Every structure is written in structure tokens, then in C-alpha cells.
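File shown here: final07.txt, holding compact mmCIF, C-alpha atoms and all ligand atoms.
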```
# COMPACT_ATOMS: atom_id res chain seq x y z
CA MET A 26 129.84 -14.08 59.38
CA SER A 27 132.04 -17.17 59.20
CA THR A 28 130.50 -20.38 57.96
CA ASN A 29 130.40 -21.96 61.41
CA GLU A 30 128.49 -19.03 62.84
CA ARG A 31 125.68 -19.63 60.37
CA TRP A 32 124.30 -22.19 62.83
CA ALA A 33 123.31 -20.64 66.14
CA ALA A 34 124.34 -23.90 67.83
CA PRO A 35 125.35 -27.35 66.57
CA ALA A 36 122.44 -28.71 64.52
CA SER A 37 122.48 -31.85 66.66
CA GLN A 38 121.43 -29.63 69.58
CA SER A 39 119.05 -27.24 67.78
CA LEU A 40 117.07 -30.07 66.22
CA ARG A 41 116.83 -32.37 69.21
CA PRO A 42 113.33 -32.57 70.72
CA GLY A 43 113.45 -31.08 74.22
CA PRO A 44 111.34 -31.85 77.29
CA GLY A 45 107.64 -31.27 76.62
CA PHE A 46 108.18 -31.57 72.85
CA ARG A 47 104.86 -31.63 70.94
CA ILE A 48 104.90 -32.70 67.32
CA SER A 49 101.72 -30.68 66.71
CA GLU A 50 103.64 -27.50 67.59
CA VAL A 51 106.48 -28.01 65.12
CA ASP A 52 106.65 -25.32 62.43
CA THR A 53 107.33 -27.59 59.47
CA GLY A 54 108.24 -24.55 57.37
CA GLY A 55 110.77 -23.39 59.96
CA THR A 56 114.57 -23.41 59.81
CA PRO A 57 115.52 -23.83 63.49
CA GLY A 58 119.07 -22.86 64.34
CA TRP A 59 119.88 -21.60 60.83
CA ARG A 60 120.84 -17.93 60.68
CA GLY A 61 120.41 -17.32 56.99
CA ASP A 62 118.17 -17.77 53.98
CA LYS A 63 118.10 -20.19 51.08
CA ASP A 64 120.95 -18.46 49.20
CA ASP A 65 123.13 -18.53 52.29
CA ALA A 66 122.31 -22.21 52.65
CA GLU A 67 123.48 -22.94 49.11
CA ASP A 68 126.84 -21.23 49.70
CA HIS A 69 127.27 -22.94 53.03
CA LEU A 70 126.32 -26.35 51.65
CA ALA A 71 129.02 -26.20 49.03
CA ALA A 72 131.65 -25.82 51.76
CA ARG A 73 130.11 -28.39 54.08
CA ALA A 74 129.73 -30.89 51.24
CA THR A 75 133.51 -30.93 50.82
CA ARG A 76 133.98 -31.36 54.56
CA LEU A 77 131.44 -34.20 54.67
CA SER A 78 133.08 -35.96 51.78
CA ASP A 79 136.57 -35.63 53.36
CA LEU A 80 135.32 -36.96 56.69
CA GLN A 81 133.62 -39.90 55.02
CA GLU A 82 136.89 -40.73 53.27
CA LEU A 83 138.60 -40.74 56.67
CA LEU A 84 135.95 -43.12 57.98
CA TYR A 85 136.41 -45.38 54.97
CA ALA A 86 140.19 -45.38 55.42
CA HIS A 87 139.72 -46.17 59.11
CA GLY A 88 137.56 -49.17 58.20
CA ARG A 89 140.08 -50.42 55.63
CA ALA A 90 142.79 -50.24 58.29
CA GLY A 91 140.85 -52.48 60.68
CA GLY A 92 138.94 -49.76 62.57
CA THR A 93 135.58 -50.47 64.16
CA ARG A 94 133.65 -47.21 63.78
CA SER A 95 130.71 -46.55 61.46
CA VAL A 96 127.81 -44.13 61.12
CA LEU A 97 124.15 -45.00 60.59
CA LEU A 98 121.66 -42.46 59.26
CA VAL A 99 118.07 -43.47 60.03
CA LEU A 100 115.50 -41.60 57.94
CA GLN A 101 111.85 -41.62 58.89
CA GLY A 102 109.01 -39.49 57.59
CA MET A 103 105.61 -39.64 55.98
CA ASP A 104 105.32 -40.19 52.21
CA THR A 105 106.67 -37.15 50.30
CA SER A 106 108.68 -35.95 53.32
CA GLY A 107 111.80 -36.06 51.16
CA LYS A 108 113.64 -39.19 52.31
CA GLY A 109 114.63 -40.00 48.72
CA GLY A 110 115.84 -36.45 48.14
CA ILE A 111 118.08 -36.67 51.19
CA VAL A 112 119.63 -39.85 49.88
CA ARG A 113 120.22 -38.33 46.42
CA HIS A 114 121.39 -34.89 47.50
CA VAL A 115 123.12 -35.48 50.84
CA VAL A 116 124.32 -39.05 50.81
CA GLY A 117 125.13 -38.52 47.11
CA LEU A 118 127.83 -36.08 48.18
CA VAL A 119 130.09 -38.89 49.36
CA ASP A 120 131.91 -41.77 47.66
CA PRO A 121 129.35 -44.54 46.98
CA GLN A 122 131.96 -47.19 47.90
CA GLY A 123 131.55 -46.12 51.50
CA VAL A 124 127.76 -46.11 51.61
CA GLN A 125 125.50 -49.03 52.56
CA HIS A 126 121.96 -48.02 51.66
CA THR A 127 118.87 -50.03 52.60
CA SER A 128 115.17 -49.27 52.05
CA PHE A 129 112.75 -51.07 54.30
CA GLY A 130 109.37 -51.85 52.79
CA VAL A 131 106.62 -54.27 53.72
CA PRO A 132 108.44 -57.31 55.15
CA THR A 133 108.95 -60.17 52.68
CA PRO A 134 107.73 -63.67 53.53
CA VAL A 135 111.26 -64.60 54.62
CA GLU A 136 111.60 -61.48 56.78
CA ARG A 137 108.24 -62.22 58.32
CA GLU A 138 109.54 -65.54 59.62
CA HIS A 139 112.06 -63.67 61.76
CA HIS A 140 112.04 -61.18 64.61
CA TYR A 141 111.40 -57.65 63.29
CA LEU A 142 114.99 -56.61 64.13
CA TRP A 143 116.49 -59.45 62.09
CA ARG A 144 116.48 -57.59 58.78
CA ILE A 145 117.73 -54.48 60.55
CA ARG A 146 120.71 -56.29 62.11
CA ASN A 147 121.59 -57.73 58.70
CA ALA A 148 121.73 -54.24 57.21
CA LEU A 149 123.85 -52.54 59.88
CA PRO A 150 126.88 -50.77 58.41
CA SER A 151 130.21 -52.57 58.41
CA PRO A 152 133.18 -50.78 59.98
CA GLY A 153 134.17 -47.74 57.93
CA GLN A 154 130.79 -47.48 56.25
CA LEU A 155 128.04 -44.90 56.26
CA GLY A 156 124.81 -46.88 56.59
CA VAL A 157 121.59 -45.29 55.42
CA PHE A 158 118.17 -46.62 56.39
CA ASP A 159 115.31 -45.29 54.27
CA ARG A 160 112.61 -46.27 56.79
CA SER A 161 113.73 -48.61 59.51
CA HIS A 162 112.81 -50.66 62.59
CA TYR A 163 110.65 -47.67 63.56
CA GLU A 164 108.06 -48.83 61.01
CA ASP A 165 107.43 -51.61 63.52
CA VAL A 166 106.01 -49.04 65.94
CA LEU A 167 104.58 -46.68 63.29
CA VAL A 168 102.73 -48.35 60.39
CA VAL A 169 102.36 -51.49 62.48
CA ARG A 170 100.67 -49.54 65.27
CA VAL A 171 98.50 -47.36 63.01
CA HIS A 172 97.23 -50.39 61.08
CA GLU A 173 97.06 -52.60 64.15
CA LEU A 174 99.13 -55.23 62.34
CA VAL A 175 99.95 -56.74 65.71
CA PRO A 176 98.16 -56.23 69.05
CA ALA A 177 99.23 -53.55 71.55
CA ASP A 178 100.86 -56.05 73.88
CA VAL A 179 103.24 -56.92 71.03
CA TRP A 180 104.17 -53.40 69.83
CA GLU A 181 104.19 -51.79 73.27
CA PRO A 182 107.42 -53.49 74.52
CA ARG A 183 109.17 -52.62 71.25
CA TYR A 184 110.12 -49.08 72.33
CA ASP A 185 112.28 -50.44 75.15
CA GLU A 186 113.55 -53.23 72.96
CA ILE A 187 114.59 -50.74 70.27
CA ASN A 188 116.40 -48.61 72.86
CA ALA A 189 118.29 -51.64 74.12
CA PHE A 190 119.11 -52.71 70.55
CA GLU A 191 120.43 -49.27 69.63
CA GLU A 192 122.56 -49.23 72.78
CA GLN A 193 124.24 -52.42 71.60
CA VAL A 194 124.79 -50.98 68.15
CA VAL A 195 126.36 -47.82 69.57
CA ALA A 196 128.50 -49.84 72.00
CA ALA A 197 129.87 -51.76 69.01
CA GLY A 198 131.18 -48.50 67.48
CA THR A 199 128.35 -47.03 65.40
CA VAL A 200 127.12 -43.46 65.75
CA ILE A 201 123.38 -43.43 65.03
CA VAL A 202 121.88 -40.27 63.52
CA LYS A 203 118.10 -40.51 63.66
CA VAL A 204 116.18 -38.01 61.56
CA ALA A 205 112.42 -37.47 61.51
CA LEU A 206 111.50 -35.39 58.46
CA LEU A 207 108.28 -33.52 59.15
CA VAL A 208 106.08 -31.99 56.46
CA SER A 209 102.69 -30.35 56.92
CA LEU A 210 99.46 -31.82 55.63
CA ASP A 211 99.27 -28.93 53.12
CA GLU A 212 102.79 -29.47 51.85
CA GLN A 213 102.10 -33.18 51.43
CA ARG A 214 98.99 -32.39 49.37
CA GLU A 215 101.05 -30.13 47.11
CA ARG A 216 103.73 -32.77 46.63
CA LEU A 217 101.17 -35.50 45.91
CA ARG A 218 99.36 -33.18 43.50
CA GLU A 219 102.62 -32.54 41.67
CA ARG A 220 103.19 -36.28 41.38
CA LEU A 221 99.76 -36.62 39.77
CA GLU A 222 100.32 -33.75 37.36
CA ARG A 223 103.78 -34.55 36.05
CA PRO A 224 104.42 -37.64 33.94
CA ASP A 225 108.01 -37.63 35.18
CA LYS A 226 106.67 -37.99 38.73
CA TYR A 227 104.03 -40.69 38.22
CA TRP A 228 106.57 -43.33 39.17
CA LYS A 229 106.76 -41.84 42.64
CA TYR A 230 103.00 -41.96 43.15
CA ASN A 231 101.39 -44.83 44.94
CA PRO A 232 97.59 -44.82 45.43
CA GLY A 233 98.27 -46.29 48.88
CA ASP A 234 99.85 -42.96 49.87
CA LEU A 235 96.36 -41.46 50.08
CA ASP A 236 95.23 -44.20 52.45
CA GLU A 237 98.15 -43.35 54.70
CA ARG A 238 97.38 -39.64 54.37
CA SER A 239 93.85 -40.29 55.59
CA ARG A 240 95.40 -41.60 58.81
CA TRP A 241 97.49 -38.47 59.36
CA ASP A 242 96.41 -37.89 62.97
CA ALA A 243 97.11 -41.47 63.95
CA TYR A 244 100.59 -41.19 62.43
CA GLN A 245 101.22 -37.93 64.29
CA GLU A 246 100.35 -39.71 67.52
CA THR A 247 102.67 -42.61 66.78
CA TYR A 248 105.53 -40.28 65.78
CA GLN A 249 105.00 -38.44 69.05
CA ALA A 250 105.33 -41.73 70.93
CA VAL A 251 108.50 -42.64 69.01
CA LEU A 252 110.07 -39.26 69.81
CA ASP A 253 108.99 -39.43 73.45
CA ARG A 254 110.17 -42.95 74.07
CA THR A 255 113.18 -43.56 71.84
CA SER A 256 115.08 -40.27 71.83
CA THR A 257 117.83 -41.37 74.19
CA ASP A 258 121.19 -39.81 74.99
CA THR A 259 122.79 -42.79 73.29
CA ALA A 260 120.77 -42.41 70.09
CA PRO A 261 118.82 -39.15 70.06
CA TRP A 262 116.25 -38.16 67.45
CA HIS A 263 116.51 -35.02 65.38
CA VAL A 264 113.34 -33.36 64.20
CA VAL A 265 113.91 -31.74 60.82
CA PRO A 266 111.21 -29.44 59.42
CA ALA A 267 110.99 -30.49 55.79
CA ASP A 268 108.52 -28.20 54.01
CA LYS A 269 111.60 -26.36 52.72
CA LYS A 270 113.61 -29.02 50.96
CA TRP A 271 116.73 -26.86 51.03
CA PHE A 272 116.59 -26.70 54.81
CA ALA A 273 116.10 -30.45 55.25
CA ARG A 274 119.12 -31.13 53.05
CA LEU A 275 121.22 -28.51 54.80
CA ALA A 276 120.25 -29.85 58.22
CA VAL A 277 120.96 -33.50 57.43
CA THR A 278 124.30 -32.58 55.83
CA GLU A 279 125.18 -30.77 59.04
CA LEU A 280 124.01 -33.63 61.29
CA LEU A 281 126.09 -36.15 59.35
CA THR A 282 129.11 -33.86 59.34
CA GLU A 283 128.83 -33.37 63.09
CA ALA A 284 128.49 -37.13 63.62
CA LEU A 285 131.59 -37.84 61.57
CA GLU A 286 133.51 -35.08 63.34
CA SER A 287 132.56 -36.61 66.69
CA LEU A 288 134.52 -39.73 65.73
CA ASP A 289 137.68 -37.62 65.71
CA LEU A 290 139.45 -39.94 63.29
CA GLY A 291 142.91 -39.45 61.87
CA TRP A 292 144.47 -40.98 58.78
CA PRO A 293 145.60 -44.53 59.51
CA PRO A 294 149.38 -44.91 59.85
CA PRO A 295 151.16 -46.89 57.11
CA ASP A 296 151.59 -50.61 57.69
CA PHE A 297 154.76 -50.50 55.55
CA ASP A 298 158.13 -48.75 55.79
CA VAL A 299 157.58 -45.44 53.96
CA ASP A 300 161.28 -44.63 53.53
CA ALA A 301 162.06 -48.12 52.27
CA GLU A 302 159.21 -47.92 49.75
CA LYS A 303 160.40 -44.48 48.58
CA ALA A 304 163.89 -45.85 48.08
CA ARG A 305 162.57 -48.86 46.11
CA LEU A 306 160.49 -46.58 43.89
CA ALA A 307 163.43 -44.25 43.29
CA ALA A 308 165.66 -47.18 42.36
CA MET A 309 163.23 -48.43 39.71
CA ARG A 310 163.39 -47.65 36.03
CA PRO A 311 161.75 -44.31 35.18
P1 LIG B 1 108.47 -45.46 49.96
O1 LIG B 1 107.03 -45.21 50.21
O2 LIG B 1 109.33 -45.21 51.15
O3 LIG B 1 108.97 -44.82 48.70
P2 LIG B 1 107.69 -48.15 49.35
O4 LIG B 1 106.71 -47.71 48.33
O5 LIG B 1 108.51 -49.38 49.14
O6 LIG B 1 108.71 -47.00 49.67
O7 LIG B 1 106.88 -48.23 50.72
C1 LIG B 1 107.34 -48.83 51.78
C2 LIG B 1 106.09 -49.25 52.56
O8 LIG B 1 106.45 -50.31 53.39
C3 LIG B 1 105.55 -48.14 53.43
O9 LIG B 1 104.16 -48.00 53.26
C4 LIG B 1 105.86 -48.64 54.82
O10 LIG B 1 104.94 -48.21 55.79
C5 LIG B 1 105.82 -50.13 54.64
N1 LIG B 1 106.58 -50.82 55.67
C6 LIG B 1 107.87 -50.64 56.01
N2 LIG B 1 108.20 -51.42 57.05
C7 LIG B 1 107.10 -52.10 57.40
C8 LIG B 1 106.81 -53.06 58.40
N3 LIG B 1 107.74 -53.45 59.26
N4 LIG B 1 105.58 -53.55 58.44
C9 LIG B 1 104.64 -53.17 57.56
N5 LIG B 1 104.84 -52.27 56.59
C10 LIG B 1 106.06 -51.73 56.50
```
As C-alpha cells, how would this structure be written, given the file I've shared?
Ligand code: ADP
Amino acid sequence: MSTNERWAAPASQSLRPGPGFRISEVDTGGTPGWRGDKDDAEDHLAARATRLSDLQELLYAHGRAGGTRSVLLVLQGMDTSGKGGIVRHVVGLVDPQGVQHTSFGVPTPVEREHHYLWRIRNALPSPGQLGVFDRSHYEDVLVVRVHELVPADVWEPRYDEINAFEEQVVAAGTVIVKVALLVSLDEQRERLRERLERPDKYWKYNPGDLDERSRWDAYQETYQAVLDRTSTDTAPWHVVPADKKWFARLAVTELLTEALESLDLGWPPPDFDVDAEKARLAAMRP
């Protein structure tokens, strides 16, 4: 089986929530679209990692030559869903010069003085860059809704506002790859337990994670609303089952590779006379 045939269909199709999608029915231990096991995934990843890195270099070159295109990876998921692992293992495959990474936590006092999209706009990738959002503007309809940080008449219009915002971003030349990493309640317990048992993992543990865990059902409901209302043709969501870390990494690598391929970029032409430069070099002292 050739490497391309390992995916039954492009991952961007297999992982897109279809009509009637129910988050409660997602098999978080599943590997939708992948026709292989973990070992196959490791072999395949090695090949796709090279492709991803080459494509990112093309994007970077395009940006340096005055191009306007960029890619934005938006990562959302509950605590322990593996957002950090994706950044390390997938985004880490490419040249850090071409990556603009931003984590969005509780808004700072300065951020709070602005519209919730202000800090998001400021972090959008420049041309030629791969932007990575570890959490994003979606927190403003997730944690904000679960904790009732603002009333319903404030968060309710945000879904449409986010769609309109993303349309502008895409129109300006950015491909947005939105990824919801889904783990099960059981898998989250295991990962939290591990953090509490291993001194090298304490730093990842935050007692507040248990408070969020206790609101699991409310979060499921708000994720459902996000997927129902903001998975547009312009900026679709991808639902990535994340109980198997290897699958989540494989899937996001594939989604990013497909996004970069969709740009169909070529190497920028020289803005100098190649033959003249060759002649000058040849005429110089050895
Ligand atoms: P992580 O948990 O991703 O490792 P942090 O410990 O910095 O990173 O947690 C980020 C926290 O910030 C999360 O609990 C998240 O819900 C919260 N947060 C992010 N954006 C907002 C927002 N707009 N309003 C309120 N809380 C937010």
C-alpha cells in the first residue's frame, strides 16, 4: 500500500463533523480514516514530516518574497487533550523561524480593556508564517459560557461574529485549520493521575483542572455548539479523537500538510540576474 493510500480519504474530509454530528457519539479512541496501526503511523509520519517541513519552507520563502499567504492552526481541547504535545511533536517538525506560536490564557488586565478579538488579531500569522493558537477566541464561547463570565446576550452573538472574523482572515490569505482534540473522561483521569504520580509531570498539573473536569458535561455542550455553529466551509473544524496520542499527532500532521499543499506554492523566482551572478562568482578569486 502506498503512503497516500494509508488514509481512506483526505484527513480534512474524514475528520470534518458532518450533518447531525453529536460530540457524545465520538469514539475518542478511534482512528477515523486511518487504514493502519500505530507502527504504520510511525513509518508514515516519518515521510510526511519531511513533506510538511518542505512545504513550510516554501511558505516561508513565499513570505520573504512578498507573498501574502499564511496558515493558522487553532488548537482547542480540554485539559490533558494533548495540545502541548501537538505543538512539540507536530509543529516541532518545522523550522521555528517560520512559526508564530501563541497560548491564550485568562485575559490580562490590558486584554480585558479590549474587545475579545483584539488579542487574537494581534497574534495572527504574518505572511509566510505558520501561526499556532494553543487555545483561541473559542475560549470566549467555551470557558466564558460554562462559567457564565458574561451573560448569554453577550456570548450568543459571538458565534456569528467569529464566523465573520474568520472570513476576513481567510480573505486576507490565511488558511485556518481548526482542530478540536477530544479525549474521554476516563483518559483524562488517567492523564491527570499520571501528572500527580510523576514528579516530572507536577509542573503540568493545575488544581483548577479538576474544577474544569467537574464541569465536563457543560463543556461537552459548549463544544457541541462551537462545532455546530462555527464549522463553516471557509474555516471548517476537524474533530480529532485524542485518546491515542499517536493518532492525534498523525492526524494534525496530515491536516497541516494538506493545508499547505492547498496553497499550491512554488519557489519564488529570483529578483536578480542568475547568469550575471554566476559570472561574477566565477570571475572572483577562488
Ligand atoms: P493550559 O491549561 O492550556 O496549559 P493555562 O494553565 O495557562 O494553560 O490555562 C489557560 C486557562 O486560561 C484555561 O483555563 C482557559 O480556560 C483560560 N482562558 C483562556 N482564554 C480565556 C478567556 N477568554 N476567558 C477566560 N479564561 C480564559
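Using all atoms listed in the file, the nearest neighbour of ligand LIG 1 (chain B) within the list A:Glu67, A:Asp79, A:Asp62, A:Asp234 is A:Asp234.
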Would you list the contacts of range 286-303 of chain A as a ChimeraX atom specification, taking every protein, DNA or RNA residue within 12 Å and counting all atoms listed in the file, but skipping same-chain residues closer than 6 positions in sequence? /A:35,37,73,76-96,153,198-202,279-280,309
Return as an MDAnalysis selection string every polymer residue, whether protein, DNA or RNA, with at least one atom no more than 7 Å from an atom of ligand LIG 1 (chain B); count only C-alpha atoms and all ligand atoms. chainID A and resid 104 129:132 141 159:162 164:165 168:169 231
Generate the output file for the selected residues, C-alpha atoms, as a PDB file, in the coordinates of the input.
```
ATOM      1  CA  ASP A 104     105.320 -40.190  52.210  1.00  0.00           C
ATOM      2  CA  PHE A 129     112.750 -51.070  54.300  1.00  0.00           C
ATOM      3  CA  GLY A 130     109.370 -51.850  52.790  1.00  0.00           C
ATOM      4  CA  VAL A 131     106.620 -54.270  53.720  1.00  0.00           C
ATOM      5  CA  PRO A 132     108.440 -57.310  55.150  1.00  0.00           C
ATOM      6  CA  TYR A 141     111.400 -57.650  63.290  1.00  0.00           C
ATOM      7  CA  ASP A 159     115.310 -45.290  54.270  1.00  0.00           C
ATOM      8  CA  ARG A 160     112.610 -46.270  56.790  1.00  0.00           C
ATOM      9  CA  SER A 161     113.730 -48.610  59.510  1.00  0.00           C
ATOM     10  CA  HIS A 162     112.810 -50.660  62.590  1.00  0.00           C
ATOM     11  CA  GLU A 164     108.060 -48.830  61.010  1.00  0.00           C
ATOM     12  CA  ASP A 165     107.430 -51.610  63.520  1.00  0.00           C
ATOM     13  CA  VAL A 168     102.730 -48.350  60.390  1.00  0.00           C
ATOM     14  CA  VAL A 169     102.360 -51.490  62.480  1.00  0.00           C
ATOM     15  CA  ASN A 231     101.390 -44.830  44.940  1.00  0.00           C
TER      16      ASN A 231
END
```
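Put simply, CA of Pro121 in chain A is 28.2 Å away from CA of Gln38 in chain A.
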Just the residues within 10 Å of Thr255 in chain A, please, counting all atoms listed in the file, with nothing from its chain fewer than 3 positions along; format it as a ChimeraX atom specification. /A:163,183-189,191,250-252,258-262
Among A:Arg60, A:His263, A:Arg305, A:His69, Leu206 in chain A is approached most closely, using all atoms listed in the file, by A:His263
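When CA of Gly102 in chain A is paired with CA of Ala267 in chain A, their separation reads 9.4 Å.
The two atoms in question, CA of Glu215 in chain A and CA of Gly58 in chain A, are spaced 26.0 Å apart.
Considering only C-alpha atoms, the residue among A:Thr75, A:Thr56, A:Ser256, A:Gln154 positioned nearest to Lys270 in chain A is A:Thr56.
Distance annotation: of A:Arg214, A:Arg41, A:Arg220, A:Lys63, the residue with the minimal separation from Ser239 in chain A is A:Arg214; atom set is all atoms listed in the file.
Of the listed residues A:Trp228, A:Gly54, A:Phe158, A:Ser39, the one whose atoms come nearest to Glu212 in chain A is A:Gly54, with distances taken using all atoms listed in the file.
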With distances taken over only C-alpha atoms, the candidate from A:Arg47, A:His126, A:Arg254, A:Lys229 nearest Asn147 in chain A is A:His126
Dump as a PyMOL selection string all residues having an atom at most 12 Å from (97.1, -43.5, 53.4), computed in the file's coordinates with all atoms listed in the file. chain A and resi 103-105+168+171-172+213-214+217+230-244
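With only C-alpha atoms taken into account, the protein and nucleic acid residues at most 10 Å from Pro57 in chain A (excluding it and anything under 5 positions from it in its own chain) are A:Trp32, A:Ala33, A:Ala34, A:Ala36, A:Ser39, A:Leu40, A:Asp52, A:Val264, A:Val265, A:Pro266, A:Phe272, A:Ala276.
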The selected residues should be written to file as an mmCIF file, in the frame of the given file (atoms: C-alpha atoms).
```cif
data_model
loop_
_atom_site.group_PDB
_atom_site.id
_atom_site.type_symbol
_atom_site.label_atom_id
_atom_site.label_comp_id
_atom_site.auth_asym_id
_atom_site.auth_seq_id
_atom_site.Cartn_x
_atom_site.Cartn_y
_atom_site.Cartn_z
ATOM 1 C CA TRP A 32 124.300 -22.190 62.830
ATOM 2 C CA ALA A 33 123.310 -20.640 66.140
ATOM 3 C CA ALA A 34 124.340 -23.900 67.830
ATOM 4 C CA ALA A 36 122.440 -28.710 64.520
ATOM 5 C CA SER A 39 119.050 -27.240 67.780
ATOM 6 C CA LEU A 40 117.070 -30.070 66.220
ATOM 7 C CA ASP A 52 106.650 -25.320 62.430
ATOM 8 C CA VAL A 264 113.340 -33.360 64.200
ATOM 9 C CA VAL A 265 113.910 -31.740 60.820
ATOM 10 C CA PRO A 266 111.210 -29.440 59.420
ATOM 11 C CA PHE A 272 116.590 -26.700 54.810
ATOM 12 C CA ALA A 276 120.250 -29.850 58.220
#
```
For Gly156 in chain A, work out the shell of residues within 9 Å, counting all atoms listed in the file and skipping chain neighbours fewer than 3 positions away, then give it as a count of residues only. 14
